[in-house]
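Engineer: For reference, this is model-v5.cif, and it has mmCIF, C-alpha atoms and all ligand atoms.
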```cif
data_final
loop_
_atom_site.label_atom_id
_atom_site.label_comp_id
_atom_site.auth_asym_id
_atom_site.auth_seq_id
_atom_site.Cartn_x
_atom_site.Cartn_y
_atom_site.Cartn_z
CA MET A 103 -17.44 -5.18 -11.36
CA ASN A 104 -14.29 -7.32 -11.78
CA GLU A 105 -12.60 -9.15 -8.88
CA GLU A 106 -9.96 -6.43 -8.27
CA GLY A 107 -12.78 -3.84 -8.32
CA GLU A 108 -14.72 -5.78 -5.66
CA LEU A 109 -11.58 -6.31 -3.59
CA LYS A 110 -10.67 -2.62 -3.84
CA GLY A 111 -13.81 -1.44 -2.03
CA LEU A 112 -13.51 -4.16 0.60
CA ARG A 113 -9.77 -3.60 1.04
CA ASP A 114 -10.40 0.05 1.67
CA ASP A 115 -12.91 -0.93 4.35
CA VAL A 116 -10.98 -3.64 6.26
CA TYR A 117 -7.49 -2.12 5.92
CA ARG A 118 -8.58 1.49 6.49
CA ARG A 119 -7.32 1.51 10.09
CA PRO A 120 -3.69 0.50 9.37
CA LEU A 121 -3.59 3.20 6.68
CA ALA A 122 -4.97 5.84 9.04
CA THR A 123 -2.48 4.80 11.76
CA ALA A 124 0.45 5.16 9.38
CA LEU A 125 -0.61 8.54 8.02
CA GLN A 126 -1.24 9.88 11.51
CA ARG A 127 2.11 8.55 12.77
CA LEU A 128 3.80 10.37 9.87
CA GLY A 129 2.02 13.65 10.48
CA LEU A 130 1.10 13.92 6.79
CA GLY A 131 -0.50 17.30 6.21
CA PRO A 132 -1.20 20.18 3.82
CA GLY A 133 1.32 20.86 1.09
CA TRP A 134 3.12 17.49 1.14
CA ARG A 135 4.28 16.02 -2.19
CA CYS A 136 3.70 12.24 -2.35
CA VAL A 137 3.87 9.26 -4.65
CA ASP A 138 1.61 6.22 -4.25
CA VAL A 139 3.39 3.36 -6.05
CA GLY A 140 1.17 0.51 -7.31
CA ALA A 141 -1.80 2.80 -6.79
CA GLY A 142 -4.34 0.34 -8.27
CA GLY A 143 -7.83 1.78 -7.90
CA GLY A 144 -6.51 4.79 -5.99
CA ASP A 145 -7.81 4.20 -2.42
CA VAL A 146 -4.48 5.25 -0.92
CA SER A 147 -4.00 8.09 -3.42
CA VAL A 148 -7.38 9.57 -2.45
CA ALA A 149 -6.60 9.24 1.29
CA LEU A 150 -3.28 11.04 0.70
CA ALA A 151 -4.96 13.74 -1.43
CA GLU A 152 -7.49 14.48 1.30
CA LEU A 153 -4.67 15.16 3.76
CA VAL A 154 -2.26 17.10 1.54
CA GLY A 155 -5.02 19.42 0.30
CA ARG A 156 -4.97 21.67 -2.75
CA ASP A 157 -1.40 22.86 -2.13
CA GLY A 158 -0.08 19.30 -2.07
CA ARG A 159 0.45 16.79 -4.87
CA VAL A 160 -0.02 13.03 -5.20
CA TYR A 161 1.51 11.05 -8.06
CA ALA A 162 -0.51 7.83 -8.45
CA VAL A 163 1.84 5.42 -10.23
CA ASP A 164 0.92 1.98 -11.55
CA SER A 165 2.41 -0.27 -14.22
CA ASP A 166 -1.06 -1.22 -15.48
CA PRO A 167 -2.42 1.45 -17.88
CA LEU A 168 -6.00 0.54 -16.84
CA ALA A 169 -5.23 1.73 -13.31
CA ARG A 170 -4.82 5.28 -14.64
CA ASP A 171 -8.51 5.44 -15.62
CA GLU A 172 -9.58 3.89 -12.31
CA VAL A 173 -7.52 6.40 -10.31
CA ALA A 174 -8.84 9.25 -12.45
CA ARG A 175 -12.42 8.15 -11.63
CA ALA A 176 -11.70 7.67 -7.91
CA ALA A 177 -9.85 10.99 -7.61
CA ALA A 178 -12.11 13.10 -9.85
CA ALA A 179 -12.71 15.61 -7.04
CA HIS A 180 -8.97 15.89 -6.27
CA ALA A 181 -7.11 17.97 -8.85
CA GLN A 182 -3.84 17.36 -6.99
CA VAL A 183 -3.77 13.65 -8.00
CA ILE A 184 -1.69 12.99 -11.12
CA ALA A 185 -1.98 9.44 -12.47
CA LEU A 186 1.09 8.02 -14.26
CA THR A 187 1.70 4.68 -15.97
CA GLN A 188 5.14 3.57 -14.81
CA ALA A 189 6.77 0.51 -13.25
CA GLY A 190 7.83 1.01 -9.64
CA GLU A 191 11.27 -0.29 -10.64
CA ASP A 192 11.67 2.67 -13.05
CA LEU A 193 10.08 5.35 -10.90
CA SER A 194 10.77 8.75 -12.44
CA LEU A 195 8.90 11.84 -11.23
CA PRO A 196 9.15 15.50 -12.26
CA GLU A 197 10.18 16.47 -8.71
CA GLN A 198 11.51 14.90 -5.51
CA VAL A 199 8.71 14.10 -3.07
CA ASP A 200 8.30 14.21 0.71
CA LEU A 201 6.73 10.74 0.88
CA ALA A 202 6.85 7.58 -1.22
CA PHE A 203 4.13 5.13 -0.18
CA CYS A 204 3.18 1.62 -1.27
CA ARG A 205 0.56 -0.84 -0.04
CA PHE A 206 -0.01 -4.44 -1.27
CA LEU A 207 2.57 -3.85 -4.03
CA LEU A 208 5.85 -5.54 -3.07
CA LEU A 209 4.25 -9.01 -2.79
CA HIS A 210 3.62 -8.85 -6.56
CA VAL A 211 6.89 -7.41 -7.95
CA LEU A 212 9.88 -9.36 -9.24
CA ASP A 213 12.42 -7.93 -6.77
CA PRO A 214 10.99 -5.92 -3.85
CA LEU A 215 14.38 -4.39 -2.97
CA VAL A 216 14.69 -2.83 -6.44
CA VAL A 217 11.33 -1.09 -5.94
CA VAL A 218 12.12 0.08 -2.39
CA ARG A 219 15.42 1.52 -3.67
CA ALA A 220 13.58 3.38 -6.45
CA MET A 221 11.15 4.76 -3.84
CA ALA A 222 14.08 5.88 -1.65
CA ALA A 223 15.64 7.66 -4.64
CA ALA A 224 12.35 9.47 -5.34
CA VAL A 225 12.20 11.23 -1.95
CA ARG A 226 14.15 14.31 -0.86
CA ARG A 227 16.75 14.09 1.92
CA GLY A 228 14.86 13.90 5.22
CA GLY A 229 11.80 12.55 3.35
CA TRP A 230 9.83 9.38 4.08
CA VAL A 231 9.30 5.96 2.54
CA VAL A 232 6.35 4.03 3.93
CA ALA A 233 5.41 0.48 2.91
CA GLN A 234 2.46 -1.61 4.06
CA GLU A 235 2.74 -5.25 3.00
CA PRO A 236 1.13 -8.47 4.26
CA ILE A 237 2.32 -11.69 5.83
CA THR A 238 -0.36 -13.73 4.07
CA THR A 239 0.45 -17.09 5.70
CA ALA A 240 -0.03 -15.52 9.16
CA GLY A 241 -3.74 -15.05 8.34
CA ARG A 242 -6.09 -17.65 9.82
CA ILE A 243 -9.41 -19.18 8.76
CA ASP A 244 -11.00 -21.11 11.59
CA GLY A 245 -7.55 -21.41 13.21
CA LEU A 246 -5.84 -22.76 10.08
CA PRO A 247 -3.20 -20.85 8.08
CA LEU A 248 -4.30 -18.93 5.00
CA SER A 249 -2.12 -18.97 1.90
CA MET A 250 -1.83 -16.91 -1.26
CA PRO A 251 0.44 -19.01 -3.51
CA GLU A 252 -0.18 -16.89 -6.61
CA ALA A 253 1.68 -13.90 -5.13
CA ARG A 254 5.41 -13.78 -5.88
CA HIS A 255 6.34 -12.87 -2.28
CA PRO A 256 3.28 -13.73 -0.15
CA ASP A 257 5.11 -13.07 3.14
CA VAL A 258 7.12 -10.00 2.10
CA GLY A 259 5.74 -8.08 5.10
CA ALA A 260 7.99 -10.18 7.35
CA LEU A 261 11.05 -8.90 5.44
CA LEU A 262 10.01 -5.27 5.22
CA PRO A 263 12.19 -3.73 7.97
CA ALA A 264 15.29 -5.38 6.46
CA LEU A 265 14.32 -4.29 2.93
CA MET A 266 14.06 -0.68 4.09
CA ARG A 267 17.43 -0.89 5.82
CA ASP A 268 19.05 -2.56 2.80
CA ALA A 269 17.72 0.29 0.63
CA GLY A 270 19.74 2.70 2.78
CA LEU A 271 16.79 4.03 4.80
CA GLN A 272 16.64 4.61 8.53
CA VAL A 273 13.86 2.46 10.04
CA VAL A 274 12.02 4.92 12.28
CA ASP A 275 9.04 2.72 13.19
CA ALA A 276 7.62 -0.69 12.27
CA TRP A 277 4.56 -2.65 13.39
CA ALA A 278 1.83 -5.06 12.24
CA GLU A 279 -1.95 -4.85 12.33
CA ALA A 280 -4.51 -7.50 11.30
CA PRO A 281 -8.27 -7.07 10.86
CA ALA A 282 -10.18 -9.92 12.50
CA GLY A 283 -13.81 -10.99 12.80
CA VAL A 284 -16.36 -13.77 13.06
CA GLY A 285 -19.55 -14.33 11.07
CA PRO A 286 -20.90 -12.18 8.23
CA GLY A 287 -19.32 -8.77 7.63
CA PRO A 288 -16.56 -7.04 5.67
CA VAL A 289 -13.77 -9.31 7.00
CA ALA A 290 -15.57 -12.47 5.80
CA ASP A 291 -16.53 -10.79 2.50
CA TYR A 292 -12.94 -9.71 1.84
CA LEU A 293 -11.61 -13.19 2.57
CA GLU A 294 -14.18 -14.83 0.28
CA THR A 295 -13.42 -12.43 -2.59
CA LEU A 296 -9.66 -12.89 -2.13
CA THR A 297 -9.55 -16.68 -1.74
CA GLY A 298 -12.95 -18.04 -2.83
CA VAL A 299 -13.29 -19.57 0.65
CA ASP A 300 -16.49 -18.80 2.58
CA PRO A 301 -15.46 -18.86 6.26
CA GLY A 302 -19.07 -19.43 7.37
CA ASP A 303 -19.24 -18.88 11.11
CA GLY A 304 -15.53 -19.60 11.67
CA PRO A 305 -13.26 -16.92 13.08
CA VAL A 306 -11.03 -15.10 10.59
CA VAL A 307 -7.80 -13.17 11.02
CA LEU A 308 -6.88 -11.47 7.77
CA PRO A 309 -3.19 -11.29 6.79
CA PRO A 310 -1.40 -8.89 9.11
CA LEU A 311 -0.19 -5.79 7.33
CA VAL A 312 3.32 -4.80 8.35
CA THR A 313 3.93 -1.06 8.19
CA VAL A 314 7.47 0.30 8.08
CA ILE A 315 8.28 3.99 8.22
CA GLY A 316 11.70 4.73 6.77
CA ARG A 317 13.52 8.05 6.50
CA ARG A 318 16.09 9.07 3.94
CA ASP A 319 19.03 10.73 5.74
C1 LIG B 1 -3.17 -5.40 -5.04
S1 LIG B 1 -3.11 -3.91 -5.95
C2 LIG B 1 -2.92 -2.71 -4.64
C3 LIG B 1 -3.54 -1.41 -4.95
C4 LIG B 1 -3.40 -0.33 -3.88
N1 LIG B 1 -2.01 -0.05 -3.55
C5 LIG B 1 -4.17 -0.65 -2.62
O1 LIG B 1 -3.57 -0.94 -1.59
O2 LIG B 1 -5.42 -0.63 -2.65
C6 LIG B 1 -1.46 -3.96 -6.64
C7 LIG B 1 -1.22 -2.95 -7.74
O3 LIG B 1 0.18 -2.91 -8.05
C8 LIG B 1 0.36 -2.79 -9.45
N2 LIG B 1 1.70 -3.28 -9.79
C9 LIG B 1 2.13 -4.57 -9.83
N3 LIG B 1 3.44 -4.61 -10.14
C10 LIG B 1 3.85 -3.32 -10.30
C11 LIG B 1 5.09 -2.71 -10.59
N4 LIG B 1 6.19 -3.44 -10.80
N5 LIG B 1 5.15 -1.35 -10.67
C12 LIG B 1 4.03 -0.60 -10.45
N6 LIG B 1 2.82 -1.13 -10.16
C13 LIG B 1 2.73 -2.47 -10.08
C14 LIG B 1 -0.79 -3.60 -10.04
O4 LIG B 1 -1.07 -3.19 -11.37
C15 LIG B 1 -1.93 -3.28 -9.05
O5 LIG B 1 -2.68 -2.17 -9.48
#
```
Could you take the file, read its structure, and then write that structure out as structure tokens?
Ligand SMILES: C[S@@+](CC[C@H](N)C(=O)[O-])C[C@H]1O[C@@H](n2cnc3c(N)ncnc32)[C@H](O)[C@@H]1O

Structural biologist:
Amino acid sequence: MNEEGELKGLRDDVYRRPLATALQRLGLGPGWRCVDVGAGGGDVSVALAELVGRDGRVYAVDSDPLARDEVARAAAAHAQVIALTQAGEDLSLPEQVDLAFCRFLLLHVLDPLVVVRAMAAAVRRGGWVVAQEPITTAGRIDGLPLSMPEARHPDVGALLPALMRDAGLQVVDAWAEAPAGVGPGPVADYLETLTGVDPGDGPVVLPPLVTVIGRRD
């Protein structure tokens, strides 16, 4: 398994709770039409598919053509997931959706506002844009700040409410959640796979994930 493959399983484990909180807060349910931008291995797409059911639809969009195969594998039991190779900046779907979602995407893109604007344009009036992005330098290993210098915008989570507003969306809710732990377990494993640092017995706080729920008026 490659590094992103290993991270994918662990990410799904340690960041499952923030995802569940966001989807519950939204009231996502049967029949919704969604897009998951920067879908990667499809963890979020599958979670969305399980909630929207057979009458719903999930477009899993990623700029990397390899992600399409990964999503197809992950979502094999979910006929409502349609994997597309597209850049988030050029998002173009066959229909307007109720929800545009992204997680761990904006830290990697050239200009996060361009992508949030494209997501806003993809939803119907009254629809939702939800982003979950980290503040990587607010993570801690044994009390010391964690950093992720290879990401273009490692602390984009801290800017997320303003990005949503600047994209013309109404910020309905915004909060941050961070998995934490000490000793062996998924939190330590995730950190080691992400950074190469083994935290040993030191306490770890993973980068808080800021969630913003925006509505298109
Ligand atoms: C860290 S992964 C996150 C995957 C998934 N959202 C999750 O939370 O598990 C980031 C993904 O964003 C994709 N990506 C990066 N830049 C993109 C862009 N401009 N448009 C669409 N996808 C992009 C990458 O190919 C990668 O699959």

Engineer: Listing only residues of region 217-281 of chain A within 12 Å of region 146-152 of chain A, what is the closest atom pair and its distance in Å (to one decimal) for each, using only C-alpha atoms, sorted by chain and residue number ascending, as JSON lines?

Structural biologist:
```
{"residue": "A:Val232", "atom": "CA", "partner": "A:Val146", "partner_atom": "CA", "distance": 11.9}
{"residue": "A:Ala233", "atom": "CA", "partner": "A:Val146", "partner_atom": "CA", "distance": 11.6}
{"residue": "A:Gln234", "atom": "CA", "partner": "A:Val146", "partner_atom": "CA", "distance": 11.0}
```

Engineer: Take the residues just selected and output them with C-alpha atoms as a PDB file, in the coordinates of the input.

Structural biologist:
```
ATOM      1  CA  VAL A 232       6.350   4.030   3.930  1.00  0.00           C
ATOM      2  CA  ALA A 233       5.410   0.480   2.910  1.00  0.00           C
ATOM      3  CA  GLN A 234       2.460  -1.610   4.060  1.00  0.00           C
TER       4      GLN A 234
END
```

Engineer: Which distance in Å separates CA of Glu172 (chain A) and CA of Gly144 (chain A), to one decimal?

Structural biologist: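 Rounded to one decimal, the two atoms are 7.1 Å apart.
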
Engineer: So what do you get for CA of Pro309 (chain A) versus CA of Leu248 (chain A), distance-wise?

Structural biologist: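 Atom-to-atom, CA of Pro309 (chain A) and CA of Leu248 (chain A) are spaced 7.9 Å apart.
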
Engineer: I'd like to know which of A:Arg175, A:Arg118, A:Arg113, A:Arg317 is closest to Leu271 (chain A), using all atoms listed in the file.

Structural biologist: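 Of A:Arg175, A:Arg118, A:Arg113, A:Arg317, the one nearest Leu271 (chain A), counting all atoms listed in the file, is A:Arg317.
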
Engineer: Using all atoms listed in the file, which residues of chain A come within 7 Å of ligand LIG 1 (chain B), and what is the closest atom pair for each, with the distance in Å to one decimal? Give it as a tab-separated table, sorted by chain and residue number.

Structural biologist:
```
residue	atom	partner	partner_atom	distance
A:Lys110	CA	B:LIG1	O2	5.7
A:Arg113	CA	B:LIG1	O2	6.4
A:Asp114	CA	B:LIG1	O2	6.6
A:Val139	CA	B:LIG1	C12	6.0
A:Gly140	CA	B:LIG1	O3	3.6
A:Ala141	CA	B:LIG1	N1	4.3
A:Gly142	CA	B:LIG1	O5	3.2
A:Gly143	CA	B:LIG1	C3	6.1
A:Gly144	CA	B:LIG1	C4	6.4
A:Asp145	CA	B:LIG1	O2	5.4
A:Val146	CA	B:LIG1	C5	6.1
A:Val163	CA	B:LIG1	C12	6.4
A:Asp164	CA	B:LIG1	N6	3.9
A:Ser165	CA	B:LIG1	C12	4.1
A:Asp166	CA	B:LIG1	O4	4.6
A:Ala169	CA	B:LIG1	O5	6.0
A:Gln188	CA	B:LIG1	C12	6.1
A:Ala189	CA	B:LIG1	N5	3.6
A:Gly190	CA	B:LIG1	N5	3.7
A:Glu191	CA	B:LIG1	N4	6.0
A:Cys204	CA	B:LIG1	N1	5.9
A:Arg205	CA	B:LIG1	O1	4.4
A:Phe206	CA	B:LIG1	C2	4.8
A:Leu207	CA	B:LIG1	O3	4.8
A:His210	CA	B:LIG1	N3	5.6
A:Val211	CA	B:LIG1	N4	4.9
```

Engineer: CA of Pro236 (chain A) to CA of Gly270 (chain A): how many Å, to one decimal?

Structural biologist: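 Computed distance, CA of Pro236 (chain A) to CA of Gly270 (chain A), equals 21.8 Å.
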
Engineer: List the spatial neighbours of Val183 (chain A) as a PyMOL selection string - criterion: any atom at most 10 Å away, only C-alpha atoms, same-chain residues fewer than 3 positions off excluded.

Structural biologist: chain A and resi 136-138+144+147-148+150-151+156+158-162+173-174+176-180+186

Engineer: Which is closest to Val258 (chain A) among A:Thr238, A:Ala282, A:Val314, A:Arg219, if we use only C-alpha atoms?

Structural biologist: A:Thr238

Engineer: Find the residues near Pro286 (chain A): any atom within 10 Å, counting all atoms listed in the file, skip ones fewer than 6 places away on the same chain, and give them as a list in words.

Structural biologist: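 Here the answer would be Asp300, Pro301, Gly302, Asp303 and Gly304 of chain A.
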
Engineer: Within 8 Å of Arg226 (chain A), counting all atoms listed in the file, which residues qualify if same-chain residues fewer than 6 places away don't, as a list in words?

Structural biologist: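 Non-adjacent residues within range: Gln198, Val199, Asp200 and Arg318 of chain A.
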
Engineer: Under the rule that only C-alpha atoms are counted, which of A:Ser194, A:Leu153, A:Gly283, A:Tyr117 is the nearest residue to Ala224 (chain A)?

Structural biologist: A:Ser194

Engineer: Enclose region 266-284 of chain A, meaning all of its atoms listed in the file, in a box aligned along x, y and z, pad it by 8 Å on each side, and list the centre and edge lengths in Å to one decimal, as AutoDock Vina command-line options.

Structural biologist:
```
--center_x 1.7 --center_y -4.4 --center_z 7.0 --size_x 52.1 --size_y 34.7 --size_z 28.8
```

Engineer: Would you list the contacts of Asp157 (chain A) as a PyMOL selection string, taking every protein, DNA or RNA residue within 7 Å and counting only C-alpha atoms, but skipping same-chain residues closer than 3 positions in sequence?

Structural biologist: chain A and resi 132-133+154

Engineer: Identify which of the residues A:Leu125, A:Ala260, A:Ala185, A:Val116 lies closest to Leu308 (chain A), counting only C-alpha atoms when measuring atom-to-atom distances.

Structural biologist: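 Looking at the shortest contact to Leu308 (chain A), the residue is A:Val116.
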
Engineer: Pick from A:Leu311, A:Ala124, A:Val274, A:Val306: nearest to Gly229 (chain A), with all atoms listed in the file counted?

Structural biologist: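 Answer, going by the shortest atom-to-atom distance: A:Val274.
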
Engineer: Using all atoms listed in the file, which residues sit within 9 Å of Ile315 (chain A) once same-chain residues fewer than 5 positions away are excluded, as a PyMOL selection string?

Structural biologist: chain A and resi 124+127-128+230-233+263+266+272-276
